[in-house]
Amino acid sequence: MNELFESGKVKPVIDRPYKLSEVPEAIQYFGEGKHKGKVVITLEHDNKT
């Protein structure tokens with residue numbers, strides 16, 4: 001499977017990204033079963049350093 005991803009023959013489908021602070025909404029959305037791909041949680045970070 002990794003070979004297929006690395007070669008670009010298989011691409012994951014992302015239905016919707018959520019911020020880490022939106023995890024409750026992501027869980028609810030996922031639980032409704034309406035998603036057509038992956039539900040992704042993204043990490044928020046501050047680039048002001």
# chains A, B, ... in the order shown; residues from 1 in each chain; ligands from 1

$ residues_around --residues "Ile41 in chain A" --least-positions-apart "5" --cutoff "6 Å" --atoms "only C-alpha atoms" --output "list of chain:residue names"
A:Pro17, A:Tyr18, A:Lys19, A:Leu20

$ residues_around --residues "Glu22 in chain A" --least-positions-apart "6" --cutoff "12 Å" --atoms "only C-alpha atoms" --output "PyMOL selection string"
chain A and resi 16+28-29+39-44

$ atom_distance --atom1 "CA of Gly8 in chain A" --atom2 "CA of Lys36 in chain A"
20.0 Å

$ select_by_dssp --residues "chain A" --states "alpha helix (DSSP H)" --output "list in words"
Asn2, Glu3, Leu4, Phe5, Glu6, Ser7, Val23, Pro24, Glu25, Ala26, Ile27, Gln28, Tyr29, Phe30, Gly31 and Glu32 of chain A

$ write_last_selection --atoms "N, CA and C atoms" --output "CSV table (one decimal), in the first residue's frame"
chain,number,residue,atom,x,y,z
A,2,ASN,N,2.0,1.2,0.8
A,2,ASN,CA,2.9,2.4,0.8
A,2,ASN,C,3.4,2.7,-0.6
A,3,GLU,N,3.7,1.7,-1.3
A,3,GLU,CA,4.3,1.9,-2.7
A,3,GLU,C,3.3,2.6,-3.5
A,4,LEU,N,2.0,2.3,-3.4
A,4,LEU,CA,1.0,2.9,-4.2
A,4,LEU,C,0.8,4.4,-3.8
A,5,PHE,N,0.9,4.7,-2.5
A,5,PHE,CA,0.8,6.1,-2.1
A,5,PHE,C,2.0,6.9,-2.6
A,6,GLU,N,3.2,6.3,-2.4
A,6,GLU,CA,4.5,6.9,-2.8
A,6,GLU,C,4.5,7.2,-4.3
A,7,SER,N,4.0,6.3,-5.1
A,7,SER,CA,4.0,6.4,-6.5
A,7,SER,C,2.9,7.4,-7.0
A,23,VAL,N,-12.1,19.5,17.8
A,23,VAL,CA,-12.3,18.1,17.9
A,23,VAL,C,-13.7,17.7,18.2
A,24,PRO,N,-14.4,18.3,19.2
A,24,PRO,CA,-15.8,17.9,19.4
A,24,PRO,C,-16.7,17.9,18.2
A,25,GLU,N,-16.5,19.0,17.4
A,25,GLU,CA,-17.3,19.1,16.1
A,25,GLU,C,-16.9,18.0,15.1
A,26,ALA,N,-15.6,17.7,15.1
A,26,ALA,CA,-15.1,16.7,14.2
A,26,ALA,C,-15.7,15.3,14.5
A,27,ILE,N,-15.7,15.0,15.8
A,27,ILE,CA,-16.3,13.7,16.3
A,27,ILE,C,-17.7,13.6,16.0
A,28,GLN,N,-18.5,14.7,16.2
A,28,GLN,CA,-19.9,14.7,15.9
A,28,GLN,C,-20.1,14.5,14.4
A,29,TYR,N,-19.4,15.2,13.5
A,29,TYR,CA,-19.5,15.1,12.1
A,29,TYR,C,-19.2,13.6,11.7
A,30,PHE,N,-18.1,13.1,12.2
A,30,PHE,CA,-17.7,11.7,11.9
A,30,PHE,C,-18.8,10.7,12.3
A,31,GLY,N,-19.3,11.0,13.5
A,31,GLY,CA,-20.4,10.1,14.0
A,31,GLY,C,-21.6,10.1,13.2
A,32,GLU,N,-21.9,11.2,12.6
A,32,GLU,CA,-23.1,11.2,11.7
A,32,GLU,C,-23.0,10.4,10.5

$ select_by_dssp --residues "chain A" --states "strand (DSSP E or B)" --output "list in words"
Ile14, Asp15, Arg16, Pro17, Tyr18, Lys19, Lys38, Val39, Val40, Ile41 and Thr42 of chain A

$ decode --residues "chain A" --atoms "C-alpha atoms" --output "CSV table (one decimal), in the first residue's frame"
chain,number,residue,atom,x,y,z
A,1,MET,CA,0.0,0.0,0.0
A,2,ASN,CA,2.9,2.4,0.8
A,3,GLU,CA,4.3,1.9,-2.7
A,4,LEU,CA,1.0,2.9,-4.2
A,5,PHE,CA,0.8,6.1,-2.1
A,6,GLU,CA,4.5,6.9,-2.8
A,7,SER,CA,4.0,6.4,-6.5
A,8,GLY,CA,0.9,8.6,-6.5
A,9,LYS,CA,-1.3,5.9,-7.8
A,10,VAL,CA,-3.5,6.1,-4.7
A,11,LYS,CA,-4.4,9.4,-3.1
A,12,PRO,CA,-6.2,9.8,0.2
A,13,VAL,CA,-9.5,11.7,0.0
A,14,ILE,CA,-9.8,14.4,2.7
A,15,ASP,CA,-13.4,15.2,3.4
A,16,ARG,CA,-12.8,17.9,5.9
A,17,PRO,CA,-10.0,19.3,8.1
A,18,TYR,CA,-10.7,20.5,11.6
A,19,LYS,CA,-8.4,22.4,14.0
A,20,LEU,CA,-7.4,20.7,17.2
A,21,SER,CA,-9.8,23.1,19.1
A,22,GLU,CA,-12.7,21.8,16.9
A,23,VAL,CA,-12.3,18.1,17.9
A,24,PRO,CA,-15.8,17.9,19.4
A,25,GLU,CA,-17.3,19.1,16.1
A,26,ALA,CA,-15.1,16.7,14.2
A,27,ILE,CA,-16.3,13.7,16.3
A,28,GLN,CA,-19.9,14.7,15.9
A,29,TYR,CA,-19.5,15.1,12.1
A,30,PHE,CA,-17.7,11.7,11.9
A,31,GLY,CA,-20.4,10.1,14.0
A,32,GLU,CA,-23.1,11.2,11.7
A,33,GLY,CA,-21.6,9.1,9.0
A,34,LYS,CA,-22.0,11.7,6.3
A,35,HIS,CA,-18.3,12.0,5.5
A,36,LYS,CA,-17.0,10.8,2.1
A,37,GLY,CA,-13.3,10.7,3.0
A,38,LYS,CA,-11.0,11.2,5.9
A,39,VAL,CA,-11.8,13.6,8.7
A,40,VAL,CA,-8.4,15.3,9.5
A,41,ILE,CA,-7.4,17.0,12.7
A,42,THR,CA,-4.8,19.7,12.2
A,43,LEU,CA,-2.5,21.1,14.9
A,44,GLU,CA,-2.5,24.8,15.4
A,45,HIS,CA,0.8,26.5,16.0
A,46,ASP,CA,2.0,30.0,16.5
A,47,ASN,CA,4.7,31.1,14.0
A,48,LYS,CA,5.6,34.3,15.9
A,49,THR,CA,8.8,32.8,17.3
